[in-house]
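Peer 1: The following file, query.cif, comprises mmCIF, C-alpha atoms:
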```
data_coords
#
loop_
_atom_site.label_atom_id
_atom_site.label_comp_id
_atom_site.auth_asym_id
_atom_site.auth_seq_id
_atom_site.Cartn_x
_atom_site.Cartn_y
_atom_site.Cartn_z
CA ALA U 223 0.00 0.00 0.00
CA LEU U 224 1.18 3.52 -0.77
CA MET U 225 2.04 5.71 2.20
CA PRO U 226 0.02 8.93 2.65
CA ALA U 227 1.69 11.72 0.67
CA HIS U 228 2.35 13.78 3.81
CA CYS U 229 4.28 10.98 5.55
CA PRO U 230 8.07 10.90 5.08
CA ALA U 231 8.91 7.78 3.11
CA LYS U 232 12.66 8.32 3.48
CA ARG U 233 14.76 10.40 5.85
CA VAL U 234 17.86 11.52 3.97
CA TRP U 235 20.91 13.40 5.21
CA PHE U 236 22.74 15.11 2.33
CA VAL U 237 26.43 15.94 2.79
CA ARG U 238 28.51 18.02 0.42
CA HIS U 239 32.07 16.72 0.10
CA GLY U 240 35.00 18.40 1.86
CA GLU U 241 37.19 21.04 0.24
CA SER U 242 38.81 19.63 -2.90
CA ARG U 243 41.84 20.86 -4.80
CA HIS U 244 39.77 22.41 -7.57
CA ASN U 245 37.59 24.24 -5.02
CA VAL U 246 40.74 26.15 -4.05
CA SER U 247 42.51 26.51 -7.41
CA ARG U 248 39.31 27.09 -9.45
CA ASP U 249 41.06 24.95 -12.05
CA SER U 250 38.81 22.23 -13.44
CA THR U 251 41.38 20.79 -15.85
CA ALA U 252 42.87 18.30 -13.37
CA LYS U 253 40.99 15.01 -13.57
CA ASP U 254 38.92 13.92 -10.57
CA PRO U 255 40.77 15.89 -7.85
CA ASP U 256 41.09 14.64 -4.31
CA LEU U 257 40.55 16.53 -1.06
CA THR U 258 42.94 19.14 0.27
CA ASP U 259 44.36 18.71 3.77
CA LYS U 260 41.68 21.13 4.92
CA GLY U 261 39.03 19.03 3.21
CA ARG U 262 40.22 15.92 5.05
CA GLU U 263 40.13 17.86 8.30
CA GLN U 264 36.58 18.99 7.54
CA ALA U 265 35.46 15.41 6.93
CA SER U 266 37.16 14.14 10.08
CA ALA U 267 35.62 17.00 12.09
CA LEU U 268 32.18 16.07 10.74
CA ALA U 269 32.74 12.52 11.98
CA ALA U 270 33.83 13.79 15.40
CA SER U 271 30.81 16.11 15.68
CA GLY U 272 28.37 13.20 15.75
CA ALA U 273 26.07 15.01 13.30
CA LEU U 274 25.85 11.88 11.16
CA ASN U 275 25.27 9.44 14.03
CA VAL U 276 21.62 9.20 13.00
CA GLY U 277 21.08 5.47 12.83
CA ALA U 278 21.41 5.36 9.06
CA GLN U 279 20.82 1.99 7.40
CA LEU U 280 22.48 2.96 4.10
CA ILE U 281 25.39 5.22 3.09
CA VAL U 282 25.47 6.35 -0.54
CA THR U 283 28.30 8.31 -2.17
CA SER U 284 29.13 9.67 -5.58
CA PRO U 285 31.98 7.65 -7.16
CA LEU U 286 34.09 10.80 -7.68
CA TYR U 287 37.26 10.70 -5.63
CA ARG U 288 36.50 13.70 -3.39
CA THR U 289 33.15 12.26 -2.30
CA LEU U 290 34.55 8.78 -1.70
CA GLU U 291 37.29 10.32 0.44
CA THR U 292 34.78 12.41 2.35
CA ALA U 293 32.50 9.45 2.99
CA ALA U 294 35.39 7.28 4.18
CA LEU U 295 36.55 9.95 6.67
CA ALA U 296 33.20 11.37 7.80
CA LEU U 297 31.53 7.95 8.06
CA PRO U 298 34.24 5.50 9.22
CA LYS U 299 33.20 1.87 9.17
CA ASP U 300 33.95 1.33 12.86
CA ALA U 301 31.52 4.13 13.79
CA HIS U 302 28.79 2.73 11.53
CA PRO U 303 29.17 -1.05 11.80
CA GLY U 304 27.05 -3.21 9.52
CA VAL U 305 25.71 -0.27 7.48
CA LYS U 306 25.53 -0.85 3.72
CA ARG U 307 27.91 1.46 1.84
CA LEU U 308 27.73 1.90 -1.91
CA ALA U 309 28.96 4.20 -4.67
CA LEU U 310 26.18 5.40 -6.96
CA PRO U 311 26.78 7.26 -10.27
CA LEU U 312 23.28 8.80 -10.07
CA VAL U 313 24.58 11.28 -7.45
CA GLN U 314 27.75 12.35 -9.28
CA GLU U 315 28.36 16.04 -10.06
CA ILE U 316 26.50 17.67 -12.94
CA GLY U 317 29.44 19.00 -14.99
CA THR U 318 31.62 17.42 -17.67
CA SER U 319 34.96 19.11 -16.97
CA ASN U 320 37.97 16.99 -16.06
CA ALA U 321 37.24 17.73 -12.40
CA ASP U 322 33.84 16.07 -12.80
CA THR U 323 35.09 13.14 -14.89
CA GLY U 324 35.66 10.07 -12.76
CA ARG U 325 38.10 7.18 -12.72
CA PRO U 326 37.64 3.58 -13.88
CA GLN U 327 36.21 1.12 -11.38
CA ALA U 328 39.51 -0.80 -11.21
CA GLU U 329 41.36 2.31 -10.04
CA LEU U 330 38.70 3.15 -7.48
CA ARG U 331 38.67 -0.42 -6.25
CA SER U 332 42.33 -0.26 -5.27
CA ASP U 333 41.66 2.71 -2.97
CA PHE U 334 38.05 2.22 -1.86
CA GLY U 335 37.04 -1.36 -2.67
CA ALA U 336 37.31 -2.39 0.97
CA ASP U 337 34.98 0.40 2.10
CA PHE U 338 32.31 0.68 -0.61
CA ASP U 339 30.30 -1.53 -2.93
CA LEU U 340 31.39 -0.39 -6.40
CA THR U 341 29.28 -2.74 -8.50
CA ALA U 342 27.07 0.12 -9.80
CA VAL U 343 30.17 1.89 -11.16
CA ASP U 344 30.23 0.67 -14.75
CA GLU U 345 32.84 1.32 -17.46
CA GLU U 346 31.71 4.79 -18.57
CA TRP U 347 29.71 5.83 -15.53
CA TYR U 348 30.90 9.46 -15.75
CA VAL U 349 29.81 10.10 -19.38
CA LYS U 350 26.93 12.61 -19.49
CA PRO U 351 25.83 15.70 -21.44
CA THR U 352 26.66 19.04 -19.86
CA PRO U 353 23.74 21.22 -18.68
CA TRP U 354 25.75 24.44 -18.93
CA ASP U 355 27.94 26.20 -21.49
CA LYS U 356 30.65 27.79 -19.35
CA LYS U 357 32.05 30.07 -22.06
CA ARG U 358 28.70 31.48 -23.19
CA ARG U 359 27.15 31.18 -19.71
CA ILE U 360 23.92 29.68 -21.01
CA ILE U 361 21.96 26.56 -20.14
CA LEU U 362 21.95 23.67 -22.61
CA GLN U 363 18.57 22.02 -22.97
CA GLU U 364 19.83 18.51 -23.72
CA GLY U 365 21.98 18.49 -20.60
CA GLN U 366 19.25 20.03 -18.46
CA ALA U 367 16.78 17.37 -19.62
CA ALA U 368 19.28 14.58 -18.93
CA LEU U 369 19.93 15.98 -15.46
CA ARG U 370 16.21 16.13 -14.67
CA LEU U 371 15.88 12.50 -15.75
CA ARG U 372 18.85 11.51 -13.57
CA ILE U 373 17.32 13.28 -10.57
CA ALA U 374 14.00 11.52 -11.16
CA ASP U 375 15.81 8.18 -11.45
CA PHE U 376 17.59 8.86 -8.17
CA GLU U 377 14.33 9.70 -6.39
CA ARG U 378 12.68 6.53 -7.71
CA TRP U 379 15.75 4.54 -6.66
CA LEU U 380 15.52 5.96 -3.13
CA LEU U 381 11.80 5.23 -2.81
CA ALA U 382 12.35 1.66 -4.01
CA ARG U 383 14.99 0.94 -1.35
CA GLU U 384 13.98 -0.93 1.78
CA GLU U 385 16.05 1.39 4.00
CA THR U 386 14.31 4.45 5.47
CA ASP U 387 17.29 6.37 6.94
CA ILE U 388 19.95 7.17 4.37
CA ILE U 389 23.07 9.37 4.17
CA VAL U 390 24.09 10.68 0.73
CA VAL U 391 27.54 12.22 0.14
CA THR U 392 27.41 14.23 -3.06
CA HIS U 393 28.18 17.56 -4.76
CA HIS U 394 27.34 21.25 -4.83
CA GLY U 395 25.71 21.30 -8.27
CA PHE U 396 23.73 18.10 -7.79
CA ILE U 397 22.31 19.35 -4.47
CA CYS U 398 21.46 22.74 -6.03
CA HIS U 399 19.41 21.12 -8.78
CA LEU U 400 17.85 18.39 -6.64
CA LEU U 401 16.90 20.46 -3.59
CA GLY U 402 17.45 24.14 -4.41
CA ILE U 403 19.90 24.37 -1.50
CA GLU U 404 23.51 25.54 -1.53
CA LEU U 405 25.80 23.81 0.96
CA ALA U 406 29.33 24.65 2.05
CA ASN U 407 31.96 21.90 2.17
CA CYS U 408 30.91 19.18 4.63
CA GLU U 409 27.66 21.00 5.45
CA VAL U 410 24.64 18.74 6.10
CA ALA U 411 20.99 19.10 5.07
CA ARG U 412 18.34 16.82 6.59
CA MET U 413 15.47 16.12 4.17
CA ASP U 414 12.33 14.03 4.02
CA LEU U 415 11.45 12.40 0.69
CA ARG U 416 7.71 11.80 0.70
CA ALA U 417 5.99 8.95 -1.06
CA ASP U 418 4.70 11.36 -3.72
CA GLY U 419 8.29 12.30 -4.64
CA THR U 420 8.36 15.74 -2.98
CA TRP U 421 11.09 16.94 -0.63
CA GLN U 422 10.78 18.78 2.67
CA GLU U 423 13.68 20.05 4.73
CA ARG U 424 13.81 19.25 8.43
CA ARG U 425 15.79 22.15 9.81
CA LEU U 426 18.79 21.15 11.88
CA PRO U 427 19.42 23.09 15.11
CA ALA U 428 20.58 26.69 14.54
CA VAL U 429 20.22 26.42 10.73
CA GLU U 430 17.85 28.64 8.78
CA ARG U 431 18.17 28.80 5.00
CA ILE U 432 17.05 31.94 3.20
CA PRO U 433 16.85 32.68 -0.55
CA ILE U 434 20.16 33.92 -1.99
CA PHE U 435 20.22 37.31 -3.67
CA ALA U 436 23.22 39.08 -5.18
CA ALA U 437 24.23 42.51 -3.91
CA ASP U 438 22.27 44.06 -6.83
CA GLY U 439 19.09 42.31 -5.67
CA SER U 440 18.95 39.62 -8.38
CA PRO U 441 18.12 36.05 -7.27
CA LEU U 442 20.93 33.50 -7.58
CA ALA U 443 20.74 30.06 -9.14
CA HIS U 444 23.35 27.52 -10.25
CA LYS U 445 23.61 26.61 -13.93
CA GLY U 446 19.88 26.46 -14.56
CA SER U 447 18.71 25.42 -11.10
CA GLN U 448 15.84 26.97 -9.22
CA THR U 449 16.60 30.02 -7.04
CA LEU U 450 18.81 28.78 -4.23
CA ARG U 451 18.54 28.93 -0.45
CA ALA U 452 21.44 28.75 1.98
CA SER U 453 22.39 29.43 5.57
CA ARG U 454 23.64 32.92 6.37
CA ALA U 455 27.12 31.54 7.02
CA THR U 456 27.22 29.87 3.59
CA ILE U 457 25.96 33.01 1.81
CA LEU U 458 28.64 35.10 3.52
CA LYS U 459 31.37 32.57 2.69
CA HIS U 460 30.40 32.05 -0.95
CA TYR U 461 29.10 35.47 -1.99
CA GLY U 462 30.23 38.07 0.54
CA LYS U 463 28.66 40.71 2.77
CA GLY U 464 26.75 42.47 -0.01
CA ALA U 465 24.86 39.31 -0.96
CA LEU U 466 24.17 38.48 2.67
CA LYS U 467 22.74 41.95 3.27
CA ALA U 468 20.53 41.72 0.16
CA SER U 469 19.38 38.20 1.07
CA GLU U 470 18.48 39.22 4.63
CA ALA U 471 16.57 42.26 3.33
CA VAL U 472 14.44 40.08 1.04
CA ALA U 473 13.89 37.51 3.80
CA THR U 474 12.74 40.29 6.15
CA GLN U 475 10.36 41.68 3.52
CA ARG U 476 8.83 38.25 3.01
CA ARG U 477 8.38 37.73 6.74
CA VAL U 478 6.65 41.12 7.04
CA ARG U 479 4.29 40.22 4.18
CA VAL U 480 3.45 36.92 5.89
CA TRP U 481 2.79 38.71 9.20
CA LEU U 482 0.60 41.32 7.48
CA ARG U 483 -1.31 38.64 5.62
CA ALA U 484 -1.80 36.68 8.84
CA GLY U 485 -2.95 39.87 10.59
CA THR U 486 -5.44 40.62 7.82
CA ILE U 487 -6.85 37.11 7.98
CA ALA U 488 -7.11 37.33 11.77
CA ALA U 489 -8.92 40.69 11.50
CA VAL U 490 -11.40 39.28 8.97
CA LEU U 491 -12.07 36.22 11.13
CA ALA U 492 -12.53 38.44 14.18
CA ALA U 493 -15.00 40.63 12.29
CA ILE U 494 -16.97 37.57 11.18
CA PHE U 495 -16.99 36.22 14.73
CA TRP U 496 -18.13 39.44 16.33
CA GLY U 497 -20.69 40.00 13.60
CA SER U 498 -22.20 36.57 14.16
CA THR U 499 -22.14 37.11 17.94
CA ARG U 500 -24.09 40.37 17.59
CA ARG U 501 -26.68 38.67 15.40
CA VAL U 502 -27.12 35.91 17.97
CA HIS U 503 -27.68 38.44 20.78
CA ALA U 504 -29.82 40.81 18.70
#
```
Would you write the structure of this file as structure tokens?
Peer 2:
Amino acid sequence: ALMPAHCPAKRVWFVRHGESRHNVSRDSTAKDPDLTDKGREQASALAASGALNVGAQLIVTSPLYRTLETAALALPKDAHPGVKRLALPLVQEIGTSNADTGRPQAELRSDFGADFDLTAVDEEWYVKPTPWDKKRRIILQEGQAALRLRIADFERWLLAREETDIIVVTHHGFICHLLGIELANCEVARMDLRADGTWQERRLPAVERIPIFAADGSPLAHKGSQTLRASRATILKHYGKGALKASEAVATQRRVRVWLRAGTIAAVLAAIFWGSTRRVHA
């Protein structure tokens, strides 16, 4: 029987990988870069924080090297005994640069075969159309369509799994397009995937995500994604003080509109109530 649409079918913790070499150099020509020392420290700190000690029954990671490294460090096998661990091409990054082009299964097996099930990593698992023309800064419809299909396949795959509590270690672009959320390196987002295929965020303590706006007031997206949301700390880190100020201004305006709308509704209901009360006593 299908679960009611409002019930969470899966509880999913999304983790963006730790800082990689191309995150620092901004050079995407090196193939499948690994983590920097800082990135390894971030992943180890995430493990030490206990934020992922959530009773997960399944750990899923992109087969790119930086996500495999992050998953191995942030989710060590001795801290999560008996949990299934597998590499899944469906959650790889969205781009086609060398940085987003993976390695053959045989090479990955030598480094990660003892930690992860790599059977889903086939010969050309990293071949995909690009959704974005970097030089012309325009979206490419074929790549966007392929990405939407991959996201839908991933959601169906999740819903078909027997596990209900799942950790997914993946990438900035994939999370932007899947959830409309921008995460910093090793930041975590806790989501519910409902039986009808919709997502709802379960806010972690002290985390509020607001829509991201540039300093000029324009909404920000990532390579054709929906308008993004992020924590204030992530907006400040990725876009600077001007964007944070603009984003907070818009968030405040929206809250005021909600309060005014709620006040108007309350006033109307009060008027109806008092009007009906007068008629009863007339």
Peer 1: For each of U:Ala443, U:Thr449, U:Asp300, U:Ser332, take the minimum atom-to-atom distance to U:Asn275, counting all atoms listed in the file, then give the residue where this is smallest.
Peer 2: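 Distance minimum relative to U:Asn275 lands on U:Asp300.
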Peer 1: Near U:Val234, counting only C-alpha atoms, which residues have an atom at most 10 Å away, once you skip same-chain residues fewer than 5 positions from it, shown as a ChimeraX atom specification?
Peer 2: /U:278,280-281,380,386-390,411-415,421,423-424
Peer 1: With the PyMOL selection byres ((chain U and resi 370) around 12) as the selection, what would be picked from this file? Answer as number ranges by chain, please.
Peer 2: U: 312, 316, 351, 353, 363-369, 371-377, 396, 399-401, 446-447
Peer 1: Please produce a file of those selected residues containing C-alpha atoms, as a compact mmCIF listing (two decimals), in the frame of the given file.
Peer 2:
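Result written to result_37.txt:
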```txt
# COMPACT_ATOMS: atom_id res chain seq x y z
CA LEU U 312 23.28 8.80 -10.07
CA ILE U 316 26.50 17.67 -12.94
CA PRO U 351 25.83 15.70 -21.44
CA PRO U 353 23.74 21.22 -18.68
CA GLN U 363 18.57 22.02 -22.97
CA GLU U 364 19.83 18.51 -23.72
CA GLY U 365 21.98 18.49 -20.60
CA GLN U 366 19.25 20.03 -18.46
CA ALA U 367 16.78 17.37 -19.62
CA ALA U 368 19.28 14.58 -18.93
CA LEU U 369 19.93 15.98 -15.46
CA LEU U 371 15.88 12.50 -15.75
CA ARG U 372 18.85 11.51 -13.57
CA ILE U 373 17.32 13.28 -10.57
CA ALA U 374 14.00 11.52 -11.16
CA ASP U 375 15.81 8.18 -11.45
CA PHE U 376 17.59 8.86 -8.17
CA GLU U 377 14.33 9.70 -6.39
CA PHE U 396 23.73 18.10 -7.79
CA HIS U 399 19.41 21.12 -8.78
CA LEU U 400 17.85 18.39 -6.64
CA LEU U 401 16.90 20.46 -3.59
CA GLY U 446 19.88 26.46 -14.56
CA SER U 447 18.71 25.42 -11.10
```
Peer 1: Pick out the closest residue to U:Trp235 from this set: U:Ala336, U:Val282, U:Ser319, U:Arg288. Count all atoms listed in the file.
Peer 2: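 Closest to U:Trp235, using all atoms listed in the file: U:Val282.
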Peer 1: I'd like to know which of U:Gly304, U:Gly240, U:Pro298, U:Gly324 is closest to U:Asp254, using only C-alpha atoms.
Peer 2: U:Gly324
Peer 1: One decimal, Å: what's the distance from atom CA of U:Trp347 over to atom CA of U:Asp333, could you say?
Peer 2: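 Computing the Euclidean distance for atom CA of U:Trp347 and atom CA of U:Asp333 yields 17.6 Å.
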Peer 1: Between U:Lys467, U:Ala436, U:Ile360, U:His394, which one has atoms that come closest to U:Asn245, using only C-alpha atoms?
Peer 2: U:His394
Peer 1: From the options U:Glu315, U:Thr258, U:Gln264, U:Pro303, which residue's atoms come nearest to U:Pro285, counting only C-alpha atoms?
Peer 2: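 With only C-alpha atoms as the atom set, the closest residue is U:Glu315.
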Peer 1: Please give the centre and size of the box around stretch 383-394 of chain U (axis-aligned, containing every atom listed in the file, 8 Å added per side), with values in Å to one decimal and written as AutoDock Vina command-line options.
Peer 2:
```
--center_x 21.1 --center_y 10.2 --center_z 1.1 --size_x 30.2 --size_y 38.2 --size_z 27.8
```
Peer 1: Quick one: residues within 9 Å of U:Thr289, only C-alpha atoms counted, chain neighbours fewer than 2 positions away excluded, as a list in words?
Peer 2: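 The residues satisfying every condition are Arg238, His239, Gly240, Asp256, Leu257, Thr283, Ser284, Pro285, Leu286, Tyr287, Glu291, Thr292, Ala293, Ala294, Gln314, Val391, Thr392 and His393 of chain U.
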Peer 1: Can you work out the spacing between atom CA of U:His444 and atom CA of U:Tyr461 in Å, to one decimal?
Peer 2: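 Separation of atom CA of U:His444 and atom CA of U:Tyr461: 12.8 Å.
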Peer 1: Could you list, as number ranges by chain, every residue within 12 Å of U:Ala267, counting only C-alpha atoms and ignoring same-chain residues fewer than 6 positions away?
Peer 2: U: 240, 260-261, 273-274, 292, 295-298, 407-409
Peer 1: Would you work out the distance separating atom CA of U:Glu241 from atom CA of U:Leu405, expressed in Å to one decimal?
Peer 2: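 A separation of 11.7 Å between them.
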Peer 1: Could you name the residues that touch U:Arg454 at 8 Å or less, counting all atoms listed in the file, but leaving out those on the same chain fewer than 5 positions away, as a list in words?
Peer 2: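 Using all atoms listed in the file, the neighbours found are Glu430, Arg431, Ile432 and Leu466 of chain U.
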Peer 1: Restrict the selected residues to C-alpha atoms and save them as a PDB file, in the frame of the given file.
Peer 2:
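This is the output file again31.pdb:
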```pdb
ATOM      1  CA  GLU U 430      17.850  28.640   8.780  1.00  0.00           C
ATOM      2  CA  ARG U 431      18.170  28.800   5.000  1.00  0.00           C
ATOM      3  CA  ILE U 432      17.050  31.940   3.200  1.00  0.00           C
ATOM      4  CA  LEU U 466      24.170  38.480   2.670  1.00  0.00           C
TER       5      LEU U 466
END
```
Peer 1: For each of U:Ala452, U:Leu268, U:Glu345, U:Ala231, take the minimum atom-to-atom distance to U:Arg378, counting only C-alpha atoms, then give the residue where this is smallest.
Peer 2: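 Going through U:Ala452, U:Leu268, U:Glu345, U:Ala231 one by one, the smallest distance to U:Arg378 is for U:Ala231.
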